[in-house]
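Structure data (compact mmCIF, C-alpha atoms and all ligand atoms) from upload_13.txt:
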# COMPACT_ATOMS: atom_id res chain seq x y z
CA MET A 1 0.00 0.00 0.00
CA THR A 2 1.29 3.47 -0.86
CA ILE A 3 1.65 5.67 2.21
CA VAL A 4 0.36 9.22 1.74
CA ASP A 5 2.00 11.11 4.58
CA LEU A 6 0.19 14.41 5.09
CA ARG A 7 1.28 14.95 8.72
CA SER A 8 3.68 17.73 7.75
CA ASP A 9 6.03 18.88 5.03
CA THR A 10 8.79 18.09 7.55
CA VAL A 11 8.37 14.40 6.63
CA THR A 12 9.96 15.04 3.23
CA ARG A 13 12.92 12.78 2.53
CA PRO A 14 15.91 14.06 0.55
CA THR A 15 15.70 13.65 -3.23
CA PRO A 16 18.19 11.35 -5.04
CA GLU A 17 19.99 14.48 -6.28
CA MET A 18 20.39 15.65 -2.67
CA ARG A 19 21.79 12.31 -1.58
CA ARG A 20 24.35 12.42 -4.39
CA ALA A 21 25.30 16.00 -3.48
CA MET A 22 25.69 14.96 0.17
CA TYR A 23 27.93 12.05 -0.77
CA GLU A 24 30.14 14.22 -2.91
CA ALA A 25 30.19 17.34 -0.68
CA GLU A 26 33.47 19.09 -0.07
CA VAL A 27 33.73 19.72 3.68
CA GLY A 28 35.84 21.40 6.36
CA ASP A 29 35.49 22.53 9.98
CA ASP A 30 32.67 25.05 9.81
CA VAL A 31 33.30 26.47 13.29
CA LEU A 32 36.72 27.48 11.96
CA GLY A 33 35.03 28.83 8.81
CA ASP A 34 36.57 26.12 6.64
CA ASP A 35 33.56 24.41 5.09
CA PRO A 36 33.27 25.55 1.48
CA THR A 37 29.84 23.97 0.97
CA VAL A 38 28.35 25.74 3.99
CA ARG A 39 29.86 29.01 2.79
CA ARG A 40 28.28 28.54 -0.64
CA LEU A 41 24.90 27.80 0.92
CA GLU A 42 25.11 30.84 3.20
CA GLU A 43 26.02 33.06 0.24
CA LEU A 44 23.22 31.65 -1.89
CA ALA A 45 20.66 32.06 0.91
CA ALA A 46 21.69 35.67 1.57
CA GLU A 47 21.49 36.45 -2.12
CA ARG A 48 18.07 34.79 -2.59
CA LEU A 49 16.61 36.48 0.50
CA GLY A 50 18.12 39.85 -0.38
CA LYS A 51 20.27 40.13 2.76
CA GLU A 52 24.01 40.74 3.27
CA ALA A 53 24.79 37.50 5.06
CA ALA A 54 23.34 34.22 6.29
CA LEU A 55 24.04 31.58 8.93
CA PHE A 56 23.35 27.85 8.62
CA VAL A 57 21.59 26.50 11.72
CA ALA A 58 20.31 23.09 12.72
CA SER A 59 16.58 23.83 12.75
CA GLY A 60 13.89 26.46 12.50
CA THR A 61 13.61 26.53 16.28
CA MET A 62 17.34 27.18 16.60
CA GLY A 63 17.17 29.88 13.90
CA ASN A 64 14.38 31.74 15.70
CA LEU A 65 16.10 31.38 19.09
CA VAL A 66 19.44 32.60 17.75
CA ALA A 67 17.67 35.57 16.14
CA LEU A 68 15.91 36.43 19.40
CA LEU A 69 19.14 36.08 21.42
CA THR A 70 20.91 38.36 18.94
CA HIS A 71 18.25 41.08 18.79
CA CYS A 72 17.35 41.12 22.50
CA GLY A 73 19.14 41.11 25.84
CA ARG A 74 17.88 39.67 29.14
CA GLY A 75 14.77 41.51 30.31
CA ASP A 76 13.98 42.90 26.87
CA GLU A 77 10.53 42.31 25.43
CA ALA A 78 9.61 40.79 22.05
CA ILE A 79 6.15 41.24 20.51
CA VAL A 80 4.92 37.92 19.09
CA GLY A 81 1.66 36.63 17.63
CA ASP A 82 -0.36 34.57 20.10
CA ARG A 83 -0.70 31.80 17.48
CA SER A 84 2.89 31.99 16.26
CA HIS A 85 5.18 28.98 16.23
CA THR A 86 7.74 30.89 18.27
CA PHE A 87 5.23 31.58 21.03
CA LEU A 88 3.38 28.24 21.00
CA PHE A 89 5.81 25.54 19.94
CA GLU A 90 9.37 26.48 20.87
CA GLN A 91 9.14 25.75 24.59
CA GLY A 92 9.32 29.46 25.38
CA GLY A 93 13.02 29.21 24.54
CA MET A 94 13.37 32.98 24.32
CA ALA A 95 12.34 33.25 27.98
CA ALA A 96 13.81 29.99 29.24
CA LEU A 97 17.23 30.46 27.68
CA GLY A 98 17.43 34.16 26.85
CA GLY A 99 15.49 35.93 29.61
CA ILE A 100 13.45 37.61 26.87
CA VAL A 101 9.86 38.49 27.76
CA PRO A 102 7.33 37.43 25.12
CA ARG A 103 4.48 39.91 24.63
CA PRO A 104 1.79 37.95 22.78
CA LEU A 105 -0.70 39.98 20.73
CA PRO A 106 -3.68 38.45 18.90
CA ASN A 107 -3.00 36.95 15.50
CA GLN A 108 -5.90 37.79 13.23
CA PRO A 109 -7.28 34.88 11.14
CA ASP A 110 -5.10 36.09 8.24
CA GLY A 111 -1.93 35.70 10.33
CA THR A 112 -1.37 39.42 10.80
CA ILE A 113 -1.04 41.32 14.07
CA ARG A 114 -2.94 44.63 13.95
CA PRO A 115 -0.45 47.47 13.49
CA GLU A 116 -2.33 49.65 15.97
CA GLU A 117 -2.08 46.91 18.59
CA ILE A 118 1.68 46.71 18.01
CA VAL A 119 2.03 50.46 18.52
CA ALA A 120 -0.13 50.34 21.66
CA ALA A 121 2.01 47.52 23.10
CA ILE A 122 5.33 49.34 22.75
CA ARG A 123 6.56 50.20 26.24
CA ALA A 124 7.26 53.72 27.36
CA ASP A 125 10.67 54.48 28.85
CA ASN A 126 9.86 53.75 32.48
CA VAL A 127 11.90 52.08 35.19
CA HIS A 128 9.06 49.62 35.81
CA PHE A 129 8.87 48.24 32.31
CA PRO A 130 10.91 45.86 30.20
CA ARG A 131 12.21 47.47 27.00
CA THR A 132 10.38 46.55 23.81
CA ARG A 133 13.03 45.58 21.26
CA LEU A 134 11.54 43.37 18.60
CA VAL A 135 8.45 42.45 16.62
CA CYS A 136 8.21 38.87 15.28
CA LEU A 137 6.06 37.94 12.27
CA GLU A 138 5.48 34.52 10.68
CA ASN A 139 5.12 33.92 6.92
CA THR A 140 3.42 31.68 5.91
CA HIS A 141 1.45 31.51 9.14
CA ASN A 142 1.24 27.86 10.13
CA MET A 143 -1.65 28.09 12.63
CA CYS A 144 -3.55 30.63 10.52
CA ASN A 145 -4.26 28.24 7.65
CA GLY A 146 -0.80 28.58 6.13
CA ARG A 147 -1.74 32.06 4.99
CA PRO A 148 0.94 34.22 3.37
CA LEU A 149 1.55 37.74 4.70
CA THR A 150 1.80 40.28 1.90
CA ALA A 151 4.84 42.42 1.15
CA GLU A 152 2.74 45.52 1.89
CA TYR A 153 1.74 44.34 5.36
CA THR A 154 5.28 43.25 6.22
CA ALA A 155 6.67 46.61 5.09
CA GLN A 156 4.01 48.48 7.04
CA VAL A 157 4.89 46.67 10.28
CA ALA A 158 8.62 47.09 9.65
CA ARG A 159 8.26 50.82 9.08
CA LEU A 160 6.25 51.39 12.20
CA ALA A 161 8.60 49.19 14.26
CA HIS A 162 11.66 51.00 12.93
CA GLY A 163 9.96 54.33 13.61
CA HIS A 164 9.84 53.30 17.28
CA GLY A 165 13.42 52.02 17.34
CA LEU A 166 12.38 48.33 17.24
CA ARG A 167 13.66 45.58 15.00
CA VAL A 168 11.67 42.98 13.09
CA HIS A 169 12.37 39.25 12.85
CA LEU A 170 10.47 37.10 10.36
CA ASP A 171 9.88 33.40 10.96
CA GLY A 172 9.89 32.53 7.29
CA ALA A 173 10.03 28.76 7.80
CA ARG A 174 7.85 28.53 4.63
CA ILE A 175 8.72 31.88 3.02
CA PHE A 176 9.14 30.29 -0.43
CA ASN A 177 5.57 28.97 -0.15
CA ALA A 178 4.45 32.52 0.59
CA ALA A 179 6.34 33.86 -2.43
CA ALA A 180 4.85 31.15 -4.67
CA ALA A 181 1.31 31.79 -3.45
CA LEU A 182 1.58 35.56 -3.85
CA GLY A 183 3.47 35.33 -7.15
CA VAL A 184 6.28 37.60 -5.95
CA ASP A 185 10.04 37.28 -5.59
CA VAL A 186 10.85 36.21 -2.05
CA ARG A 187 12.89 39.41 -1.57
CA GLU A 188 9.66 41.44 -1.72
CA LEU A 189 8.60 39.68 1.47
CA THR A 190 11.89 40.14 3.32
CA ARG A 191 13.13 43.54 2.12
CA GLU A 192 12.08 45.57 5.16
CA VAL A 193 12.72 43.05 7.95
CA ASP A 194 15.96 43.00 9.92
CA SER A 195 16.27 39.23 10.03
CA VAL A 196 14.54 36.26 8.45
CA MET A 197 14.81 32.54 9.09
CA PHE A 198 13.76 30.00 6.48
CA CYS A 199 13.77 26.21 6.59
CA LEU A 200 15.37 23.80 4.13
CA SER A 201 13.81 20.79 5.82
CA LYS A 202 10.13 21.41 5.13
CA GLY A 203 8.70 21.78 1.61
CA LEU A 204 12.20 22.11 0.19
CA CYS A 205 12.96 18.45 1.11
CA ALA A 206 16.43 18.78 2.67
CA PRO A 207 16.92 16.44 5.63
CA VAL A 208 18.17 19.10 8.08
CA GLY A 209 18.74 22.79 8.40
CA SER A 210 17.57 26.38 8.29
CA LEU A 211 19.18 29.68 7.37
CA LEU A 212 19.10 32.89 9.37
CA CYS A 213 19.67 35.95 7.16
CA GLY A 214 20.37 39.61 7.96
CA THR A 215 23.08 42.26 7.86
CA ALA A 216 26.71 41.15 8.04
CA ALA A 217 27.00 42.67 11.54
CA PHE A 218 23.85 40.89 12.74
CA ILE A 219 25.03 37.55 11.35
CA ALA A 220 28.45 37.95 13.01
CA GLU A 221 26.67 38.31 16.37
CA ALA A 222 24.25 35.50 15.53
CA ARG A 223 27.27 33.24 14.90
CA ARG A 224 28.23 33.76 18.55
CA ALA A 225 24.68 33.02 19.73
CA ARG A 226 24.60 29.85 17.62
CA LYS A 227 27.80 28.67 19.30
CA VAL A 228 26.46 29.15 22.83
CA VAL A 229 23.37 27.06 22.09
CA GLY A 230 25.62 24.28 20.84
CA GLY A 231 24.89 24.90 17.19
CA GLY A 232 28.48 25.18 15.97
CA MET A 233 28.75 22.17 13.68
CA ARG A 234 31.90 20.82 12.08
CA GLN A 235 31.97 19.03 8.67
CA VAL A 236 28.41 20.10 8.08
CA GLY A 237 28.87 20.59 4.35
CA VAL A 238 27.32 17.11 4.02
CA LEU A 239 24.05 18.73 5.10
CA ALA A 240 24.58 22.06 3.38
CA ALA A 241 25.03 20.18 0.09
CA ALA A 242 21.42 19.02 0.31
CA GLY A 243 20.43 22.58 1.24
CA LEU A 244 21.98 23.93 -1.97
CA VAL A 245 19.85 21.56 -4.02
CA ALA A 246 16.83 22.54 -1.89
CA VAL A 247 17.21 26.25 -2.63
CA GLU A 248 18.26 25.86 -6.26
CA LYS A 249 15.89 23.12 -7.38
CA MET A 250 12.99 22.86 -4.96
CA SER A 251 12.03 26.45 -4.14
CA GLY A 252 10.52 26.99 -7.60
CA ARG A 253 8.09 24.04 -7.58
CA LEU A 254 5.97 24.78 -4.49
CA ALA A 255 2.94 25.98 -6.48
CA GLU A 256 2.44 22.31 -7.35
CA ASP A 257 1.99 21.47 -3.66
CA HIS A 258 -0.47 24.36 -3.34
CA ARG A 259 -2.47 23.09 -6.31
CA ARG A 260 -2.67 19.65 -4.67
CA ALA A 261 -3.75 21.15 -1.33
CA HIS A 262 -6.60 22.89 -3.18
CA ARG A 263 -7.56 19.65 -4.93
CA LEU A 264 -7.57 17.85 -1.57
CA ALA A 265 -9.72 20.62 -0.08
CA ASP A 266 -12.22 20.39 -2.96
CA GLY A 267 -12.32 16.59 -2.69
CA LEU A 268 -12.90 16.69 1.08
CA ALA A 269 -15.47 19.47 0.85
CA ALA A 270 -17.61 17.18 -1.31
CA ILE A 271 -17.75 14.55 1.46
CA PRO A 272 -20.65 14.96 3.91
CA GLY A 273 -19.33 15.47 7.45
CA VAL A 274 -16.16 17.37 6.51
CA GLU A 275 -15.90 21.14 6.96
CA VAL A 276 -12.88 22.44 5.11
CA GLU A 277 -11.19 25.69 6.13
CA PRO A 278 -9.76 28.06 3.49
CA VAL A 279 -6.52 26.97 1.81
CA TRP A 280 -3.81 29.46 0.90
CA THR A 281 -0.65 27.39 0.43
CA ASN A 282 0.23 23.77 1.27
CA ILE A 283 -1.47 23.56 4.69
CA LEU A 284 -5.08 22.43 4.95
CA TYR A 285 -7.12 22.41 8.16
CA PHE A 286 -10.56 20.84 8.35
CA ARG A 287 -13.13 19.83 10.94
CA LEU A 288 -15.54 16.98 11.34
CA ALA A 289 -19.12 18.21 11.45
CA GLU A 290 -21.19 17.90 14.62
CA GLY A 291 -22.79 14.50 14.68
CA VAL A 292 -19.94 12.56 13.04
CA ALA A 293 -19.51 9.66 15.44
CA LEU A 294 -15.72 9.36 15.31
CA THR A 295 -13.14 10.48 17.85
CA GLU A 296 -10.04 12.25 16.56
CA ALA A 297 -7.95 9.17 17.38
CA GLU A 298 -10.37 6.85 15.53
CA MET A 299 -10.34 9.09 12.50
CA VAL A 300 -6.52 9.19 12.40
CA ALA A 301 -6.29 5.41 12.94
CA ARG A 302 -8.86 4.52 10.25
CA LEU A 303 -7.18 6.72 7.70
CA ALA A 304 -3.80 5.23 8.64
CA GLU A 305 -5.22 1.74 7.95
CA ARG A 306 -5.80 3.06 4.41
CA GLY A 307 -2.27 4.46 4.14
CA VAL A 308 -3.22 8.09 4.80
CA LEU A 309 -1.44 9.87 7.65
CA LEU A 310 -2.43 13.23 9.12
CA LEU A 311 -2.40 15.06 12.44
CA SER A 312 -5.22 15.73 14.84
CA VAL A 313 -4.78 19.33 16.05
CA GLY A 314 -7.55 19.84 18.59
CA PRO A 315 -11.15 18.81 19.19
CA GLY A 316 -12.63 17.70 15.87
CA ARG A 317 -9.89 19.47 13.92
CA PHE A 318 -7.15 18.05 11.68
CA ARG A 319 -4.24 19.23 9.58
CA ALA A 320 -3.04 17.85 6.24
CA VAL A 321 0.07 19.26 4.54
CA THR A 322 1.03 18.62 0.93
CA HIS A 323 4.64 18.31 -0.23
CA TYR A 324 7.00 16.90 -2.85
CA TRP A 325 6.41 13.25 -1.92
CA VAL A 326 2.63 13.43 -2.35
CA ASP A 327 1.59 13.25 -6.00
CA ASP A 328 -1.81 13.53 -7.70
CA ALA A 329 -2.50 9.82 -7.16
CA GLY A 330 -1.76 10.27 -3.44
CA ILE A 331 -4.30 13.08 -3.20
CA GLU A 332 -6.95 10.91 -4.88
CA GLN A 333 -6.05 8.02 -2.53
CA ALA A 334 -6.52 10.36 0.44
CA ILE A 335 -9.90 11.60 -0.79
CA ALA A 336 -11.09 8.02 -1.40
CA ALA A 337 -9.92 6.98 2.08
CA PHE A 338 -11.84 9.85 3.69
CA ARG A 339 -14.95 8.93 1.76
CA GLU A 340 -14.71 5.31 2.95
CA VAL A 341 -14.03 6.18 6.57
CA LEU A 342 -16.79 8.78 6.78
CA THR A 343 -19.35 6.68 4.89
CA ALA A 344 -18.76 3.84 7.34
CA ALA A 345 -19.07 6.18 10.37
N1 LIG B 401 6.62 23.33 12.38
C1 LIG B 401 6.28 21.93 12.53
C2 LIG B 401 5.80 21.62 13.95
O1 LIG B 401 6.68 22.09 14.90
C3 LIG B 401 4.43 22.21 14.25
C4 LIG B 401 5.19 21.56 11.54
O2 LIG B 401 4.98 20.35 11.34
O3 LIG B 401 4.57 22.47 10.95
N2 LIG B 401 8.43 28.02 12.38
C5 LIG B 401 7.33 27.48 11.82
C6 LIG B 401 6.32 28.40 11.21
C7 LIG B 401 7.14 26.09 11.80
O4 LIG B 401 6.04 25.61 11.25
C8 LIG B 401 8.12 25.26 12.39
C9 LIG B 401 7.95 23.77 12.43
C10 LIG B 401 9.25 25.87 12.95
C11 LIG B 401 9.37 27.24 12.94
C12 LIG B 401 10.34 25.07 13.63
O5 LIG B 401 11.11 24.37 12.74
P1 LIG B 401 11.98 23.09 13.23
O6 LIG B 401 11.00 21.96 13.36
O7 LIG B 401 12.98 22.92 12.13
O8 LIG B 401 12.62 23.45 14.51
In structure tokens, how does this file's structure come out?
Amino acid sequence: MTIVDLRSDTVTRPTPEMRRAMYEAEVGDDVLGDDPTVRRLEELAAERLGKEAALFVASGTMGNLVALLTHCGRGDEAIVGDRSHTFLFEQGGMAALGGIVPRPLPNQPDGTIRPEEIVAAIRADNVHFPRTRLVCLENTHNMCNGRPLTAEYTAQVARLAHGHGLRVHLDGARIFNAAAALGVDVRELTREVDSVMFCLSKGLCAPVGSLLCGTAAFIAEARRARKVVGGGMRQVGVLAAAGLVAVEKMSGRLAEDHRRAHRLADGLAAIPGVEVEPVWTNILYFRLAEGVALTEAEMVARLAERGVLLLSVGPGRFRAVTHYWVDDAGIEQAIAAFREVLTAA
């Protein structure tokens, strides 16, 4: 039976071309600055994201943490969306490891934070208050239906933040999905932000790694922060080699995953008992209608028996994510499996 793994785009395995590149990678000690493959990847990432420099890190979580540690000192405050990955799913690392105070503001359903709420949250200079240093945005917004933030919104937030002496960090784990969905060059989405992290290991299929991009001075400091969290890696060109293929070959094909997510949404919407939420990129959330006599665990298990894997993400709610290793036949298999499971229920 073919397995259609829709749990996340993080399940993507490296392509054969990546494995060959990994095997053949030229390597050196990257902490000493000697790994030519890592250097090439960092240069390529900086160039593609429109920034001066970039830093290869082990994961998206590490990239966001290193960015926070570099922008903020202990006791500083960072404005974050209350549904952002950084706030919800990174163990509060900014606070636990960096002494940085998260200031969560409501994420609107479209993934934005209202500019006026950002301005209102900025602390006055007062001995009682932490100092507001940073605004964090997320594009695409995972928990807000994978919705892309527009270049205009990002620029608006950056300008108002800069006007108040704050910096802006962008969790761009899926920034190439945002660019594909909006039909813009990725640089349009990153131009005004001070730092951006993007992941190689999600829709781009690399096995490991993320890049943090910003000014040369910021990246030099971030290199120190990466070292203190144990992220200084040695002959890591074996991983960067896959990352080069990811950026060069995989970043341009994501619209295909979006098309399949829409097809899956249309297929599921036609099945009684399924309530599909809007789809913007490769992330699809849906609910089971009231009256469907299946627990979340039963639903996941019955689909798994039919080779279809997805995640339950709350009462009656599920997430399915399309990616390189799910083709058109996989989408049809998933729709057929849903129909069977829900007809039997
Ligand atoms: N997201 C994962 C899970 O952690 C939820 C997923 O399956 O979607 N920023 C965003 C927006 C993310 O979605 C993720 C991972 C990260 C950061 C963290 O990346 P990693 O897993 O590489 O630390």
Considering all atoms listed in the file, tabulate each residue of chain A that lies at most 6 Å from ligand LIG 401 (chain B) along with its nearest interatomic pair and the corresponding distance in Å to one decimal; arrange the rows by chain and ascending residue number and present them as a Markdown table.
| residue | atom | partner | partner_atom | distance |
| --- | --- | --- | --- | --- |
| A:Ser8 | CA | B:LIG401 | O2 | 4.6 |
| A:Thr10 | CA | B:LIG401 | O2 | 5.8 |
| A:Ser59 | CA | B:LIG401 | O7 | 3.8 |
| A:Gly60 | CA | B:LIG401 | O5 | 3.5 |
| A:Thr61 | CA | B:LIG401 | O8 | 3.7 |
| A:His85 | CA | B:LIG401 | N2 | 5.1 |
| A:Asn142 | CA | B:LIG401 | C6 | 5.2 |
| A:Asp171 | CA | B:LIG401 | N2 | 5.8 |
| A:Ala173 | CA | B:LIG401 | N2 | 4.9 |
Name the closest residue to A:Val208 among the candidates A:Leu294, A:Ala337, A:Leu105, A:Val57; distances are taken between atoms, counting all atoms listed in the file.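 Answer, going by the shortest atom-to-atom distance: A:Val57.
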**Request:** May I have the protein, DNA and RNA residues with an atom at most 6 Å from (8.8, 43.1, 1.4), counting all atoms listed in the file in the file's coordinates, returned as a list in words?
**Result:**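 Result, sorted by chain then residue number: Ala151, Thr154, Ala155, Glu188, Leu189, Thr190, Arg191 and Glu192 of chain A.
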Could the residues of stretch 65-181 of chain A that have an atom at most 12 Å from stretch 215-236 of chain A be listed as a Markdown table, each with its closest atom pair and the distance in Å to one decimal, counting all atoms listed in the file and ordered by chain and ascending residue number?
| residue | atom | partner | partner_atom | distance |
| --- | --- | --- | --- | --- |
| A:Leu65 | CA | A:Ala225 | CA | 8.8 |
| A:Val66 | CA | A:Ala225 | CA | 5.6 |
| A:Ala67 | CA | A:Ala222 | CA | 6.6 |
| A:Leu68 | CA | A:Ala222 | CA | 9.2 |
| A:Leu69 | CA | A:Ala225 | CA | 6.6 |
| A:Thr70 | CA | A:Ala222 | CA | 5.6 |
| A:His71 | CA | A:Phe218 | CA | 8.2 |
| A:Cys72 | CA | A:Ala225 | CA | 11.3 |
| A:Gly73 | CA | A:Ala225 | CA | 11.6 |
| A:Gly93 | CA | A:Val229 | CA | 10.9 |
| A:Met94 | CA | A:Val229 | CA | 11.8 |
| A:Leu97 | CA | A:Val229 | CA | 9.0 |
| A:Gly98 | CA | A:Ala225 | CA | 10.2 |
| A:Arg167 | CA | A:Phe218 | CA | 11.4 |
| A:His169 | CA | A:Phe218 | CA | 11.6 |
| Counting only C-alpha atoms, the residue of A:Pro115, A:Gly63, A:Pro106, A:Pro130 that sits nearest A:Gly75 |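 So, comparing all the options, the nearest one is A:Pro130.
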